[in-house]
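The structure appears right after this line, and notes come after that.
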Amino acid sequence: MPPKGKKRGRAALTAPKEPDFKDARSELQGESKRPKSQRVEMKSLATGNVAETSGVEARAEQDRNKRVHTHWLMKSEPESRFEKGVDVKFGIEDLKAQPNQTACWDGIRNYQARNFLKDMKAGQEAFFYHSNCKEPGIAGIIKIVKEAYPDHTQFEKKDPHYDASSTKEKPKWFMVDIQFMRMTKRFIPLAELKLHHQAHKISGGPLKDAALFTRQRLSVQPLTDEQFAFILSLEEEKH
DNA sequence: GCCAACGTTGGC
DNA sequence: GCCAACGTTGGC
């Protein structure tokens, strides 16, 4: 099962300071747009009933455990691009070619994306999204088959995503294993999703606040049940 | 290849 | 702790 991972994803090559977890919380509820004072209050509410634990990390983990993200969208690049001499290409066809059609999702070096990886539960489904390519959009459906564990590439000096500031005792970056489920019945282009997003902003439809548009650069993002179902329904349309 | 969006860094 | 400069993401 443990797949041999392929390099993928784009991420900061530098090693940023440990982040601010509050911004990673409740993105879909638009919490980050609240005034600071309100955010602080929510934070203490969220942590007030956990007297035992302390520390930003532990609280953030508990906050995440309360969240109910059921579906995901994961971006990967299907066309060759070299990062520190290494090709980071990993399209859905590359996933299909892996042993067991399974791979580890390594190379994520953004805290918010990492936190979403940690939220993932085995069995949950995600869209496999092709980014930074001729035609960006959703190509297929994958399933989480192994929950978050340390990303080994952070310790490998030659890896484009090596992070000198991380230790095996306290790894900074995590990955999950995912397995190919199926191609979508047709490729669903970003341009089409964007049209729905625009329409839904007016009608109040499910893509109104989809992270794909509101968190433009996030490479691992949650979808609500409604968003996932809506996008799936687009498969049936003729184009 | 351009460049808007946006996350991170570091000076103050 | 603010915020300008910088670097990356990723569509077009």
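Just so we're on the same page: first chain in the structure tokens is A, next is B, and so on; residues restart at 1 for each chain, and ligands are numbered from 1 in the order they show up.
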I'd like the contact shell of DG11 in chain B - 12 Å cut-off, only C-alpha atoms (C1' of nucleotides), skipping same-chain residues fewer than 2 positions apart - returned as a compact mmCIF listing (two decimals) with all heavy atoms, in the first residue's frame.
# COMPACT_ATOMS: atom_id res chain seq x y z
P DT B 9 8.76 32.81 6.38
OP1 DT B 9 9.77 31.75 6.18
OP2 DT B 9 7.97 32.90 7.63
O5' DT B 9 9.47 34.20 6.14
C5' DT B 9 10.11 34.43 4.90
C4' DT B 9 10.76 35.80 4.94
O4' DT B 9 9.73 36.81 4.86
C3' DT B 9 11.55 36.07 6.21
O3' DT B 9 12.84 36.52 5.79
C2' DT B 9 10.75 37.15 6.94
C1' DT B 9 9.99 37.82 5.81
N1 DT B 9 8.65 38.39 6.10
C2 DT B 9 8.34 39.62 5.58
O2 DT B 9 9.13 40.28 4.93
N3 DT B 9 7.07 40.05 5.85
C4 DT B 9 6.10 39.39 6.57
O4 DT B 9 5.00 39.89 6.73
C5 DT B 9 6.48 38.10 7.08
C7 DT B 9 5.50 37.31 7.88
C6 DT B 9 7.72 37.66 6.83
P DC C 2 -0.79 45.08 14.44
OP1 DC C 2 -1.96 45.66 15.11
OP2 DC C 2 -0.84 43.75 13.82
O5' DC C 2 -0.24 46.14 13.40
C5' DC C 2 0.33 47.36 13.89
C4' DC C 2 1.26 47.93 12.85
O4' DC C 2 2.53 47.24 12.87
C3' DC C 2 0.73 47.83 11.42
O3' DC C 2 0.93 49.09 10.81
C2' DC C 2 1.59 46.72 10.79
C1' DC C 2 2.89 46.87 11.55
N1 DC C 2 3.72 45.63 11.68
C2 DC C 2 5.07 45.68 11.34
O2 DC C 2 5.55 46.73 10.90
N3 DC C 2 5.83 44.55 11.49
C4 DC C 2 5.28 43.43 11.97
N4 DC C 2 6.07 42.37 12.12
C5 DC C 2 3.90 43.36 12.34
C6 DC C 2 3.16 44.47 12.18
P DC C 3 0.15 49.47 9.48
OP1 DC C 3 -0.01 50.93 9.49
OP2 DC C 3 -1.00 48.57 9.34
O5' DC C 3 1.21 49.10 8.34
C5' DC C 3 2.48 49.76 8.31
C4' DC C 3 3.35 49.06 7.29
O4' DC C 3 3.86 47.84 7.85
C3' DC C 3 2.58 48.65 6.02
O3' DC C 3 3.43 48.82 4.91
C2' DC C 3 2.35 47.17 6.24
C1' DC C 3 3.67 46.82 6.89
N1 DC C 3 3.70 45.50 7.56
C2 DC C 3 4.94 44.88 7.74
O2 DC C 3 5.96 45.46 7.35
N3 DC C 3 4.98 43.67 8.33
C4 DC C 3 3.86 43.08 8.73
N4 DC C 3 3.95 41.90 9.31
C5 DC C 3 2.58 43.69 8.56
C6 DC C 3 2.54 44.89 7.96
P DA C 4 3.08 49.88 3.80
OP1 DA C 4 2.79 51.17 4.46
OP2 DA C 4 2.10 49.22 2.94
O5' DA C 4 4.45 50.04 3.01
C5' DA C 4 5.66 50.35 3.72
C4' DA C 4 6.80 49.53 3.14
O4' DA C 4 6.78 48.20 3.70
C3' DA C 4 6.75 49.36 1.63
O3' DA C 4 8.09 49.41 1.17
C2' DA C 4 6.12 47.98 1.45
C1' DA C 4 6.67 47.24 2.65
N9 DA C 4 5.83 46.16 3.18
C8 DA C 4 4.47 46.10 3.26
N7 DA C 4 4.00 45.02 3.83
C5 DA C 4 5.13 44.30 4.15
C6 DA C 4 5.32 43.05 4.77
N6 DA C 4 4.31 42.29 5.21
N1 DA C 4 6.58 42.62 4.94
C2 DA C 4 7.59 43.40 4.51
N3 DA C 4 7.55 44.60 3.92
C4 DA C 4 6.27 44.99 3.76
P DA C 5 8.47 49.29 -0.37
OP1 DA C 5 9.46 50.34 -0.67
OP2 DA C 5 7.21 49.19 -1.15
O5' DA C 5 9.21 47.88 -0.41
C5' DA C 5 10.29 47.65 0.49
C4' DA C 5 10.72 46.20 0.36
O4' DA C 5 9.72 45.34 0.95
C3' DA C 5 10.91 45.73 -1.08
O3' DA C 5 12.13 45.01 -1.12
C2' DA C 5 9.68 44.85 -1.33
C1' DA C 5 9.40 44.29 0.06
N9 DA C 5 8.00 43.93 0.31
C8 DA C 5 6.88 44.65 0.00
N7 DA C 5 5.76 44.08 0.39
C5 DA C 5 6.16 42.92 1.00
C6 DA C 5 5.46 41.87 1.63
N6 DA C 5 4.14 41.83 1.74
N1 DA C 5 6.18 40.84 2.14
C2 DA C 5 7.52 40.88 2.02
N3 DA C 5 8.30 41.80 1.47
C4 DA C 5 7.55 42.80 0.97
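Ranking A:Lys75, A:Lys134, A:Arg217, A:Lys89 by their shortest atom-to-atom distance to chain C, with only C-alpha atoms (C1' of nucleotides) included, puts A:Arg217 first.
Interatomic distance, CA of Arg109 in chain A against CA of His161 in chain A: 7.5 Å.
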